[in-house]
>>> print(open('query12.pdb').read())   # PDB, C-alpha atoms
MODEL        1
ATOM      1  CA  MET S  17     -31.524 -12.007  -2.264
ATOM      2  CA  GLU S  18     -30.913  -8.292  -2.506
ATOM      3  CA  SER S  19     -28.571  -6.550  -0.101
ATOM      4  CA  ASN S  20     -30.403  -5.391   2.996
ATOM      5  CA  LYS S  21     -30.629  -1.580   2.946
ATOM      6  CA  ALA S  22     -30.112  -1.402   6.688
ATOM      7  CA  VAL S  23     -26.957  -3.496   6.361
ATOM      8  CA  ILE S  24     -25.666  -1.234   3.585
ATOM      9  CA  GLU S  25     -26.287   1.833   5.725
ATOM     10  CA  TRP S  26     -24.430   0.164   8.578
ATOM     11  CA  LEU S  27     -21.475  -0.615   6.318
ATOM     12  CA  LEU S  28     -21.355   2.976   5.066
ATOM     13  CA  SER S  29     -21.307   4.237   8.654
ATOM     14  CA  ALA S  30     -18.441   1.948   9.670
ATOM     15  CA  ASP S  31     -15.227   3.505  10.938
ATOM     16  CA  GLU S  32     -13.345   1.278   8.499
ATOM     17  CA  PRO S  33     -12.671   3.281   5.311
ATOM     18  CA  TRP S  34     -11.710   0.094   3.446
ATOM     19  CA  THR S  35     -15.187  -1.291   4.162
ATOM     20  CA  ARG S  36     -16.914   1.911   3.074
ATOM     21  CA  TYR S  37     -14.746   2.110  -0.056
ATOM     22  CA  ARG S  38     -15.407  -1.465  -1.191
ATOM     23  CA  THR S  39     -19.101  -1.197  -0.280
ATOM     24  CA  ARG S  40     -19.496   1.787  -2.590
ATOM     25  CA  LEU S  41     -17.619   0.086  -5.423
ATOM     26  CA  ASP S  42     -18.825  -3.495  -5.146
ATOM     27  CA  LEU S  43     -22.293  -3.274  -3.614
ATOM     28  CA  LEU S  44     -23.513   0.122  -4.818
ATOM     29  CA  ASP S  45     -21.612   0.165  -8.146
ATOM     30  CA  GLN S  46     -20.380   3.699  -7.603
ATOM     31  CA  GLY S  47     -17.440   4.756  -9.773
ATOM     32  CA  GLU S  48     -13.899   5.548  -8.677
ATOM     33  CA  ASP S  49     -14.536   9.206  -9.520
ATOM     34  CA  ASP S  50     -17.553   9.463  -7.209
ATOM     35  CA  PRO S  51     -16.692  12.067  -4.540
ATOM     36  CA  PHE S  52     -17.691   9.745  -1.684
ATOM     37  CA  VAL S  53     -15.578   6.940  -3.158
ATOM     38  CA  VAL S  54     -12.634   9.325  -3.515
ATOM     39  CA  ARG S  55     -13.074  10.484   0.068
ATOM     40  CA  ASP S  56     -13.209   6.961   1.507
ATOM     41  CA  ARG S  57     -10.253   5.818  -0.574
ATOM     42  CA  GLU S  58      -8.106   8.732   0.552
ATOM     43  CA  GLU S  59      -9.054   8.046   4.150
ATOM     44  CA  MET S  60      -8.181   4.371   3.672
ATOM     45  CA  LEU S  61      -4.714   5.251   2.372
ATOM     46  CA  ARG S  62      -4.116   7.504   5.384
ATOM     47  CA  HIS S  63      -5.412   5.048   7.972
ATOM     48  CA  PRO S  64      -2.686   3.829  10.368
ATOM     49  CA  PHE S  65      -3.777   0.201   9.982
ATOM     50  CA  VAL S  66      -3.351   0.365   6.210
ATOM     51  CA  ARG S  67      -0.095   2.297   6.503
ATOM     52  CA  GLY S  68       1.093  -0.494   8.778
ATOM     53  CA  LEU S  69       0.196  -3.110   6.180
ATOM     54  CA  ILE S  70       2.081  -1.194   3.503
ATOM     55  CA  SER S  71       5.113  -0.915   5.760
ATOM     56  CA  THR S  72       5.039  -4.653   6.436
ATOM     57  CA  ALA S  73       4.639  -5.412   2.725
ATOM     58  CA  GLN S  74       7.576  -3.116   1.924
ATOM     59  CA  SER S  75       9.767  -5.336   4.115
ATOM     60  CA  TRP S  76       9.243  -8.242   1.688
ATOM     61  CA  PRO S  77      10.312 -10.991   2.153
ATOM     62  CA  GLY S  78      10.478  -9.957   5.809
ATOM     63  CA  TYR S  79      11.766 -13.256   7.094
ATOM     64  CA  ALA S  80      11.959 -16.827   5.840
ATOM     65  CA  LEU S  81       8.531 -18.465   5.644
ATOM     66  CA  LYS S  82       8.408 -21.839   7.405
ATOM     67  CA  ARG S  83       4.682 -22.604   7.288
ATOM     68  CA  HIS S  84       2.108 -21.340   4.829
ATOM     69  CA  ASN S  85      -0.455 -20.346   7.441
ATOM     70  CA  ASP S  86       1.960 -18.002   9.199
ATOM     71  CA  THR S  87      -0.453 -15.129   9.818
ATOM     72  CA  LYS S  88       2.288 -12.596  10.631
ATOM     73  CA  HIS S  89       4.234 -13.014   7.401
ATOM     74  CA  PRO S  90       4.304 -10.118   4.893
ATOM     75  CA  ILE S  91       2.645 -12.330   2.272
ATOM     76  CA  GLN S  92      -0.602 -11.959   4.236
ATOM     77  CA  SER S  93      -0.271  -8.160   4.218
ATOM     78  CA  LEU S  94       0.125  -8.291   0.432
ATOM     79  CA  SER S  95      -3.067 -10.313   0.137
ATOM     80  CA  VAL S  96      -5.103  -8.009   2.389
ATOM     81  CA  LEU S  97      -3.889  -4.879   0.583
ATOM     82  CA  ALA S  98      -5.009  -6.526  -2.659
ATOM     83  CA  ASP S  99      -8.411  -7.316  -1.131
ATOM     84  CA  PHE S 100      -8.818  -3.702  -0.038
ATOM     85  CA  GLY S 101      -8.069  -2.446  -3.541
ATOM     86  CA  LEU S 102      -4.702  -0.749  -3.290
ATOM     87  CA  LYS S 103      -2.799  -0.084  -6.520
ATOM     88  CA  TYR S 104       0.884   0.079  -7.421
ATOM     89  CA  SER S 105       0.437   3.841  -7.998
ATOM     90  CA  ASP S 106      -0.594   4.438  -4.372
ATOM     91  CA  PRO S 107       2.010   5.968  -2.041
ATOM     92  CA  GLY S 108       4.572   3.366  -1.016
ATOM     93  CA  MET S 109       3.156   0.591  -3.190
ATOM     94  CA  ASP S 110       5.751   0.917  -5.967
ATOM     95  CA  LYS S 111       8.380  -0.318  -3.514
ATOM     96  CA  VAL S 112       6.163  -3.269  -2.591
ATOM     97  CA  VAL S 113       5.701  -4.289  -6.221
ATOM     98  CA  GLN S 114       9.379  -3.962  -7.091
ATOM     99  CA  ARG S 115      10.445  -6.125  -4.157
ATOM    100  CA  VAL S 116       8.089  -8.932  -5.234
ATOM    101  CA  LEU S 117       9.075  -8.666  -8.906
ATOM    102  CA  ALA S 118      12.755  -8.926  -7.953
ATOM    103  CA  HIS S 119      12.476 -12.676  -7.336
ATOM    104  CA  GLN S 120      11.008 -14.631 -10.225
ATOM    105  CA  SER S 121      11.922 -18.221 -10.979
ATOM    106  CA  GLU S 122      13.132 -19.475 -14.350
ATOM    107  CA  GLU S 123       9.782 -21.267 -14.647
ATOM    108  CA  GLY S 124       7.873 -18.009 -14.197
ATOM    109  CA  ALA S 125       6.452 -18.275 -10.668
ATOM    110  CA  PHE S 126       7.334 -15.557  -8.187
ATOM    111  CA  GLU S 127       9.436 -16.837  -5.316
ATOM    112  CA  THR S 128       9.262 -16.555  -1.545
ATOM    113  CA  LEU S 129      12.184 -16.769   0.861
ATOM    114  CA  MET S 130      11.579 -20.019   2.717
ATOM    115  CA  GLY S 131      13.167 -21.774   5.644
ATOM    116  CA  LEU S 132      13.934 -25.276   4.405
ATOM    117  CA  TYR S 133      15.555 -28.399   5.756
ATOM    118  CA  LYS S 134      17.102 -31.520   4.282
ATOM    119  CA  ARG S 135      13.961 -33.265   3.052
ATOM    120  CA  PHE S 136      13.602 -30.385   0.563
ATOM    121  CA  ALA S 137      16.088 -31.977  -1.853
ATOM    122  CA  GLY S 138      18.825 -31.356   0.696
ATOM    123  CA  LEU S 139      18.262 -27.594   0.763
ATOM    124  CA  ASP S 140      18.899 -26.704   4.378
ATOM    125  CA  GLY S 141      18.510 -23.078   5.448
ATOM    126  CA  GLU S 142      16.936 -20.090   3.719
ATOM    127  CA  HIS S 143      16.303 -20.246  -0.034
ATOM    128  CA  TRP S 144      14.233 -18.390  -2.638
ATOM    129  CA  VAL S 145      11.810 -20.984  -4.043
ATOM    130  CA  TRP S 146       8.134 -21.265  -4.942
ATOM    131  CA  MET S 147       5.320 -23.642  -4.056
ATOM    132  CA  GLY S 148       1.708 -23.951  -5.178
ATOM    133  CA  CYS S 149       0.542 -22.534  -1.853
ATOM    134  CA  ASP S 150       2.471 -19.251  -2.028
ATOM    135  CA  ALA S 151       3.224 -18.331  -5.664
ATOM    136  CA  PRO S 152      -0.483 -17.845  -6.572
ATOM    137  CA  VAL S 153      -0.872 -15.405  -3.670
ATOM    138  CA  LEU S 154       1.870 -13.226  -5.147
ATOM    139  CA  LEU S 155       0.300 -13.471  -8.602
ATOM    140  CA  TYR S 156      -3.075 -12.495  -7.136
ATOM    141  CA  ALA S 157      -1.597  -9.495  -5.354
ATOM    142  CA  LEU S 158       0.334  -8.202  -8.351
ATOM    143  CA  THR S 159      -2.690  -8.579 -10.618
ATOM    144  CA  ALA S 160      -4.945  -6.817  -8.102
ATOM    145  CA  PHE S 161      -2.400  -4.013  -7.751
ATOM    146  CA  GLY S 162      -2.838  -3.300 -11.460
ATOM    147  CA  CYS S 163       0.313  -4.999 -12.735
ATOM    148  CA  GLY S 164      -1.435  -7.687 -14.781
ATOM    149  CA  ASP S 165      -0.003  -6.478 -18.094
ATOM    150  CA  LEU S 166       3.627  -6.635 -17.005
ATOM    151  CA  ARG S 167       5.705  -9.206 -18.862
ATOM    152  CA  GLU S 168       6.773 -10.832 -15.596
ATOM    153  CA  VAL S 169       3.203 -11.187 -14.393
ATOM    154  CA  LEU S 170       2.002 -12.594 -17.707
ATOM    155  CA  CYS S 171       4.803 -15.164 -17.539
ATOM    156  CA  ALA S 172       3.772 -16.198 -14.011
ATOM    157  CA  ARG S 173       0.155 -16.443 -15.128
ATOM    158  CA  ASP S 174       1.007 -18.732 -18.046
ATOM    159  CA  GLN S 175       3.201 -20.928 -15.868
ATOM    160  CA  LEU S 176       0.437 -21.418 -13.309
ATOM    161  CA  ALA S 177      -2.145 -22.202 -15.997
ATOM    162  CA  ALA S 178       0.141 -24.859 -17.464
ATOM    163  CA  LEU S 179       0.317 -26.751 -14.150
ATOM    164  CA  ILE S 180      -3.367 -27.676 -13.922
ATOM    165  CA  LYS S 181      -4.360 -31.323 -14.447
ATOM    166  CA  GLU S 182      -7.652 -33.026 -15.240
ATOM    167  CA  ASN S 183      -8.536 -33.094 -11.539
ATOM    168  CA  GLY S 184      -7.262 -29.606 -10.714
ATOM    169  CA  TRP S 185      -3.950 -28.245  -9.526
ATOM    170  CA  PRO S 186      -1.672 -30.786  -7.836
ATOM    171  CA  CYS S 187       0.841 -30.043  -5.121
ATOM    172  CA  SER S 188       3.602 -28.385  -7.130
ATOM    173  CA  ALA S 189       6.890 -26.741  -6.276
ATOM    174  CA  SER S 190      10.109 -25.363  -7.668
ATOM    175  CA  PRO S 191      12.418 -27.853  -9.445
ATOM    176  CA  LYS S 192      15.005 -26.756  -6.883
ATOM    177  CA  LEU S 193      13.094 -28.898  -4.377
ATOM    178  CA  GLY S 194      13.520 -32.088  -6.375
ATOM    179  CA  SER S 195      10.688 -34.576  -5.952
ATOM    180  CA  PHE S 196       9.269 -32.859  -2.857
ATOM    181  CA  LYS S 197       5.517 -32.794  -2.403
ATOM    182  CA  GLY S 198       3.137 -32.240   0.506
ATOM    183  CA  PRO S 199       1.617 -34.970   2.708
ATOM    184  CA  GLY S 200      -0.671 -36.630   0.163
ATOM    185  CA  LYS S 201      -0.839 -38.774  -2.957
ATOM    186  CA  ARG S 202       1.051 -37.302  -5.866
ATOM    187  CA  SER S 203      -1.938 -37.876  -8.126
ATOM    188  CA  ASP S 204      -4.331 -35.970  -5.821
ATOM    189  CA  PRO S 205      -5.222 -32.302  -6.184
ATOM    190  CA  CYS S 206      -4.320 -29.948  -3.355
ATOM    191  CA  PRO S 207      -7.396 -28.030  -2.095
ATOM    192  CA  LEU S 208      -5.398 -25.001  -0.978
ATOM    193  CA  ALA S 209      -3.407 -24.832  -4.205
ATOM    194  CA  ASN S 210      -6.654 -24.971  -6.208
ATOM    195  CA  LEU S 211      -8.270 -22.271  -4.096
ATOM    196  CA  LEU S 212      -5.273 -19.933  -4.353
ATOM    197  CA  ALA S 213      -4.815 -20.517  -8.080
ATOM    198  CA  LEU S 214      -8.480 -19.722  -8.710
ATOM    199  CA  LYS S 215      -8.032 -16.624  -6.582
ATOM    200  CA  ALA S 216      -5.142 -15.492  -8.767
ATOM    201  CA  PHE S 217      -7.156 -16.046 -11.949
ATOM    202  CA  SER S 218     -10.320 -14.428 -10.536
ATOM    203  CA  ARG S 219      -8.965 -11.021 -11.575
ATOM    204  CA  ILE S 220      -8.235 -12.052 -15.168
ATOM    205  CA  GLU S 221     -11.053 -11.794 -17.665
ATOM    206  CA  GLY S 222     -10.912 -14.435 -20.358
ATOM    207  CA  ILE S 223      -9.292 -17.057 -18.154
ATOM    208  CA  ARG S 224     -11.986 -16.567 -15.521
ATOM    209  CA  GLU S 225     -14.685 -17.559 -18.006
ATOM    210  CA  SER S 226     -12.681 -20.276 -19.769
ATOM    211  CA  ASP S 227     -12.618 -24.048 -19.417
ATOM    212  CA  VAL S 228      -9.012 -23.834 -18.205
ATOM    213  CA  VAL S 229     -10.104 -23.342 -14.592
ATOM    214  CA  LEU S 230     -13.089 -25.694 -14.689
ATOM    215  CA  PRO S 231     -11.241 -28.734 -13.202
ATOM    216  CA  ALA S 232     -10.332 -26.677 -10.126
ATOM    217  CA  ILE S 233     -13.898 -25.426  -9.661
ATOM    218  CA  VAL S 234     -15.208 -28.984  -9.947
ATOM    219  CA  MET S 235     -12.548 -30.225  -7.530
ATOM    220  CA  LEU S 236     -13.522 -27.747  -4.798
ATOM    221  CA  LEU S 237     -17.264 -28.326  -5.220
ATOM    222  CA  ASP S 238     -16.792 -32.105  -5.247
ATOM    223  CA  HIS S 239     -14.792 -31.821  -2.037
ATOM    224  CA  TRP S 240     -17.623 -29.847  -0.443
ATOM    225  CA  GLU S 241     -20.185 -32.400  -1.645
ATOM    226  CA  ASN S 242     -18.162 -35.247  -0.154
ATOM    227  CA  ARG S 243     -17.150 -33.401   3.013
ATOM    228  CA  GLY S 244     -16.435 -35.718   5.882
ATOM    229  CA  GLU S 245     -15.430 -38.470   3.483
ATOM    230  CA  LYS S 246     -12.366 -37.146   1.681
ATOM    231  CA  LYS S 247      -9.134 -35.485   2.674
ATOM    232  CA  PHE S 248      -6.504 -34.253   0.269
ATOM    233  CA  TYR S 249      -3.076 -33.321   1.627
ATOM    234  CA  LEU S 250      -4.588 -33.308   5.136
ATOM    235  CA  PHE S 251      -7.253 -30.769   4.100
ATOM    236  CA  GLY S 252     -10.679 -31.897   5.197
ATOM    237  CA  ILE S 253     -14.020 -30.139   5.603
ATOM    238  CA  GLY S 254     -15.300 -30.213   9.162
ATOM    239  CA  THR S 255     -16.310 -27.843  11.936
ATOM    240  CA  ASP S 256     -13.251 -25.594  11.651
ATOM    241  CA  PHE S 257     -13.720 -25.217   7.892
ATOM    242  CA  LYS S 258     -17.174 -23.691   8.473
ATOM    243  CA  LYS S 259     -15.973 -20.994  10.877
ATOM    244  CA  LEU S 260     -15.866 -17.426   9.555
ATOM    245  CA  LYS S 261     -12.422 -15.897   9.644
ATOM    246  CA  TYR S 262     -10.269 -13.346   7.856
ATOM    247  CA  PRO S 263      -7.693 -12.751   6.359
ATOM    248  CA  LEU S 264      -8.423 -15.281   3.639
ATOM    249  CA  ILE S 265      -5.286 -17.298   4.218
ATOM    250  CA  TRP S 266      -6.217 -20.935   4.616
ATOM    251  CA  TYR S 267      -8.735 -23.485   3.335
ATOM    252  CA  ASP S 268     -12.015 -22.405   4.917
ATOM    253  CA  ILE S 269     -15.601 -21.616   3.966
ATOM    254  CA  LEU S 270     -15.429 -17.845   3.513
ATOM    255  CA  HIS S 271     -12.251 -18.083   1.470
ATOM    256  CA  ALA S 272     -13.782 -20.778  -0.748
ATOM    257  CA  ALA S 273     -17.088 -18.933  -1.196
ATOM    258  CA  ASP S 274     -15.433 -15.608  -1.976
ATOM    259  CA  VAL S 275     -13.125 -17.108  -4.607
ATOM    260  CA  LEU S 276     -15.737 -19.343  -6.244
ATOM    261  CA  SER S 277     -18.224 -16.455  -6.419
ATOM    262  CA  HIS S 278     -16.092 -14.921  -9.196
ATOM    263  CA  TYR S 279     -16.825 -17.870 -11.490
ATOM    264  CA  PRO S 280     -20.105 -18.283 -13.408
ATOM    265  CA  ALA S 281     -19.562 -22.044 -13.493
ATOM    266  CA  ALA S 282     -19.704 -22.127  -9.674
ATOM    267  CA  LEU S 283     -22.457 -19.575  -9.060
ATOM    268  CA  SER S 284     -25.200 -21.691 -10.632
ATOM    269  CA  ASP S 285     -24.079 -24.921  -8.987
ATOM    270  CA  PRO S 286     -26.364 -26.163  -6.148
ATOM    271  CA  ARG S 287     -23.305 -27.240  -4.176
ATOM    272  CA  PHE S 288     -21.977 -23.697  -4.153
ATOM    273  CA  GLN S 289     -25.354 -22.359  -3.113
ATOM    274  CA  GLU S 290     -25.440 -24.877  -0.271
ATOM    275  CA  LEU S 291     -21.984 -23.763   0.846
ATOM    276  CA  VAL S 292     -23.116 -20.132   0.883
ATOM    277  CA  SER S 293     -26.238 -21.079   2.858
ATOM    278  CA  VAL S 294     -23.996 -22.391   5.644
ATOM    279  CA  ILE S 295     -22.441 -18.935   5.805
ATOM    280  CA  SER S 296     -25.808 -17.156   5.641
ATOM    281  CA  ASP S 297     -27.059 -19.182   8.602
ATOM    282  CA  GLN S 298     -24.388 -17.472  10.714
ATOM    283  CA  ALA S 299     -25.887 -13.983  10.340
ATOM    284  CA  ASP S 300     -27.286 -12.266  13.409
ATOM    285  CA  HIS S 301     -30.850 -10.909  13.502
ATOM    286  CA  GLN S 302     -29.685  -7.631  11.932
ATOM    287  CA  GLY S 303     -27.792  -9.275   9.083
ATOM    288  CA  GLY S 304     -24.305  -8.826  10.509
ATOM    289  CA  TYR S 305     -21.562 -11.438  10.667
ATOM    290  CA  THR S 306     -19.169 -12.037  13.528
ATOM    291  CA  ALA S 307     -15.897 -13.938  13.333
ATOM    292  CA  SER S 308     -16.240 -17.433  14.754
ATOM    293  CA  SER S 309     -12.467 -17.880  14.611
ATOM    294  CA  MET S 310      -9.644 -15.366  14.553
ATOM    295  CA  TYR S 311      -5.958 -14.977  13.885
ATOM    296  CA  MET S 312      -4.355 -13.445  16.968
ATOM    297  CA  ALA S 313      -1.776 -11.626  14.848
ATOM    298  CA  TRP S 314      -4.644  -9.476  13.522
ATOM    299  CA  LYS S 315      -6.162  -8.610  16.873
ATOM    300  CA  GLY S 316      -7.519  -5.067  16.827
ATOM    301  CA  TRP S 317      -9.215  -5.418  13.444
ATOM    302  CA  SER S 318     -12.995  -5.929  13.485
ATOM    303  CA  PHE S 319     -12.686  -9.258  11.669
ATOM    304  CA  ALA S 320     -10.533 -10.565  14.532
ATOM    305  CA  ASN S 321     -13.189  -9.956  17.168
ATOM    306  CA  LYS S 322     -15.468 -12.846  18.122
ATOM    307  CA  LYS S 323     -17.748 -10.699  20.292
ATOM    308  CA  GLU S 324     -19.137  -8.134  17.848
ATOM    309  CA  PRO S 325     -20.259  -8.136  14.207
ATOM    310  CA  SER S 326     -17.536  -7.152  11.758
ATOM    311  CA  PRO S 327     -18.342  -4.665   9.000
ATOM    312  CA  TRP S 328     -15.646  -6.158   6.775
ATOM    313  CA  LEU S 329     -16.839  -9.750   7.200
ATOM    314  CA  THR S 330     -20.411  -8.613   6.604
ATOM    315  CA  PHE S 331     -19.350  -6.789   3.446
ATOM    316  CA  LEU S 332     -17.620  -9.908   2.120
ATOM    317  CA  VAL S 333     -20.770 -12.009   2.577
ATOM    318  CA  GLU S 334     -22.985  -9.310   1.058
ATOM    319  CA  ARG S 335     -20.701  -9.183  -1.979
ATOM    320  CA  ILE S 336     -20.950 -12.937  -2.454
ATOM    321  CA  ASN S 337     -24.747 -12.677  -2.332
ATOM    322  CA  LYS S 338     -24.707  -9.838  -4.845
ATOM    323  CA  ARG S 339     -22.683 -11.918  -7.281
ATOM    324  CA  ILE S 340     -25.226 -14.720  -6.977
ATOM    325  CA  VAL S 341     -28.094 -12.344  -7.703
ATOM    326  CA  ALA S 342     -26.224 -10.839 -10.660
ATOM    327  CA  LEU S 343     -25.800 -14.235 -12.369
TER     328      LEU S 343
ENDMDL
END
>>> encode(input="query12.pdb", output="structure tokens")
Amino acid sequence: MESNKAVIEWLLSADEPWTRYRTRLDLLDQGEDDPFVVRDREEMLRHPFVRGLISTAQSWPGYALKRHNDTKHPIQSLSVLADFGLKYSDPGMDKVVQRVLAHQSEEGAFETLMGLYKRFAGLDGEHWVWMGCDAPVLLYALTAFGCGDLREVLCARDQLAALIKENGWPCSASPKLGSFKGPGKRSDPCPLANLLALKAFSRIEGIRESDVVLPAIVMLLDHWENRGEKKFYLFGIGTDFKKLKYPLIWYDILHAADVLSHYPAALSDPRFQELVSVISDQADHQGGYTASSMYMAWKGWSFANKKEPSPWLTFLVERINKRIVAL
């Protein structure tokens, strides 16, 4: 279906410059040199919310990460800044990029400071390591920031691609952690790792259209098809999965739909279209979308308000629909 003109007008009137900016680029196909795009982008960079995200990202690593759905951690600010479309050349972003690049493993993955304890191969305390549920987020952010041609980023990309198996990406981690894995069968794929890896590769032409990522796409769609029957590493698909929420941090329906919508192999699949229909059914009578779940750490943003439609959430759904139409 085509984007509703009334919805587009509503998005362009939003007091969120990031929503107006991405709407012009992604829904209206306006160029970066369009004067309205330039205006909205400049306003986005000046907005106190975005300046706050940049400041948080500049504090990388901030503090030791103990759980991967920690919504306050700077890794989430990196991801949101990437979603909004910030670049390494924007004010303050060079510091962000350099702080992430400063910690790269011998294998190639970018590392996160993590709070570990003895079951992690005896590593107790704070250590720079990587796991399949954080390293792809850093790769995604760096690629989105415009650093995809850097030698370090290319190395991280190749390392991640080499980890995929016939059934998708498994739970993987730094050799420093010994034989550690998450709470599941070693032979099983990890839904979150597959989602985040596909997110990282969604910005890379060539890989995005290749067979390299096909096992991960199939894994996620198979999991949706068999929802209620299968769990991998404690990730199931139930009521909570179907709730709309942002930032795109965890394994949930909007995150899955947004990532898969980058891939031609997913767009034409009936299972993907069914997944998107579950999202579409949550629209209000004017075509807006309201968060059905929220992260309290992001209170104050429209996407963390369960009482009113969110321009940003609505934009994300409209962009998914546009990609389907464009297939």
>>> atom_distance(input="query12.pdb", atom1="CA of Glu32 in chain S", atom2="CA of Ile336 in chain S")
19.5 Å
>>> residues_around(input="query12.pdb", residues="Ile340 in chain S", least_positions_apart="6", cutoff="10 Å", atoms="all atoms listed in the file", output="ChimeraX atom specification")
/S:17-18,277-278,280,282-284,288-289,292,334
>>> closest_residue(input="query12.pdb", among="S:Tyr267, S:Trp76, S:Phe100, S:Gln92", to="Asp56 in chain S", atoms="all atoms listed in the file")
S:Phe100
>>> resolve_selection(input="query12.pdb", expression="the PyMOL selection byres ((chain S and resi 59-68) around 9)", output="PyMOL selection string")
chain S and resi 32-34+37+54-58+69-73+97+100+102+106-108+317
>>> resolve_selection(input="query12.pdb", expression="the PyMOL selection byres ((chain S and resi 243) around 12)", output="list in words")
Met235, Leu236, Leu237, Asp238, His239, Trp240, Glu241, Asn242, Gly244, Glu245, Lys246, Lys247, Phe248, Phe251, Gly252, Ile253, Gly254, Thr255, Phe257, Lys258, Ile269, Arg287 and Leu291 of chain S
>>> resolve_selection(input="query12.pdb", expression="the PyMOL selection byres ((chain S and resi 78) around 10)", output="PyMOL selection string")
chain S and resi 72-77+79-81+88-91+128-129
>>> write_last_selection(input="query12.pdb", atoms="C-alpha atoms", output="mmCIF file, in the coordinates of the input")
data_model
loop_
_atom_site.group_PDB
_atom_site.id
_atom_site.type_symbol
_atom_site.label_atom_id
_atom_site.label_comp_id
_atom_site.auth_asym_id
_atom_site.auth_seq_id
_atom_site.Cartn_x
_atom_site.Cartn_y
_atom_site.Cartn_z
ATOM 1 C CA THR S 72 5.039 -4.653 6.436
ATOM 2 C CA ALA S 73 4.639 -5.412 2.725
ATOM 3 C CA GLN S 74 7.576 -3.116 1.924
ATOM 4 C CA SER S 75 9.767 -5.336 4.115
ATOM 5 C CA TRP S 76 9.243 -8.242 1.688
ATOM 6 C CA PRO S 77 10.312 -10.991 2.153
ATOM 7 C CA TYR S 79 11.766 -13.256 7.094
ATOM 8 C CA ALA S 80 11.959 -16.827 5.840
ATOM 9 C CA LEU S 81 8.531 -18.465 5.644
ATOM 10 C CA LYS S 88 2.288 -12.596 10.631
ATOM 11 C CA HIS S 89 4.234 -13.014 7.401
ATOM 12 C CA PRO S 90 4.304 -10.118 4.893
ATOM 13 C CA ILE S 91 2.645 -12.330 2.272
ATOM 14 C CA THR S 128 9.262 -16.555 -1.545
ATOM 15 C CA LEU S 129 12.184 -16.769 0.861
#
>>> decode(input="query12.pdb", residues="range 196-207 of chain S", atoms="C-alpha atoms", output="PDB file, in the first residue's frame")
ATOM      1  CA  PHE S 196      31.036 -19.860  27.232  1.00  0.00           C
ATOM      2  CA  LYS S 197      27.708 -19.723  25.446  1.00  0.00           C
ATOM      3  CA  GLY S 198      24.221 -18.469  26.282  1.00  0.00           C
ATOM      4  CA  PRO S 199      21.382 -20.561  27.756  1.00  0.00           C
ATOM      5  CA  GLY S 200      20.677 -22.842  24.795  1.00  0.00           C
ATOM      6  CA  LYS S 201      21.967 -25.715  22.688  1.00  0.00           C
ATOM      7  CA  ARG S 202      25.328 -25.016  21.134  1.00  0.00           C
ATOM      8  CA  SER S 203      24.038 -26.182  17.766  1.00  0.00           C
ATOM      9  CA  ASP S 204      21.058 -23.776  17.822  1.00  0.00           C
ATOM     10  CA  PRO S 205      21.026 -20.332  16.234  1.00  0.00           C
ATOM     11  CA  CYS S 206      20.529 -17.323  18.482  1.00  0.00           C
ATOM     12  CA  PRO S 207      17.566 -15.180  17.319  1.00  0.00           C
TER      13      PRO S 207
END
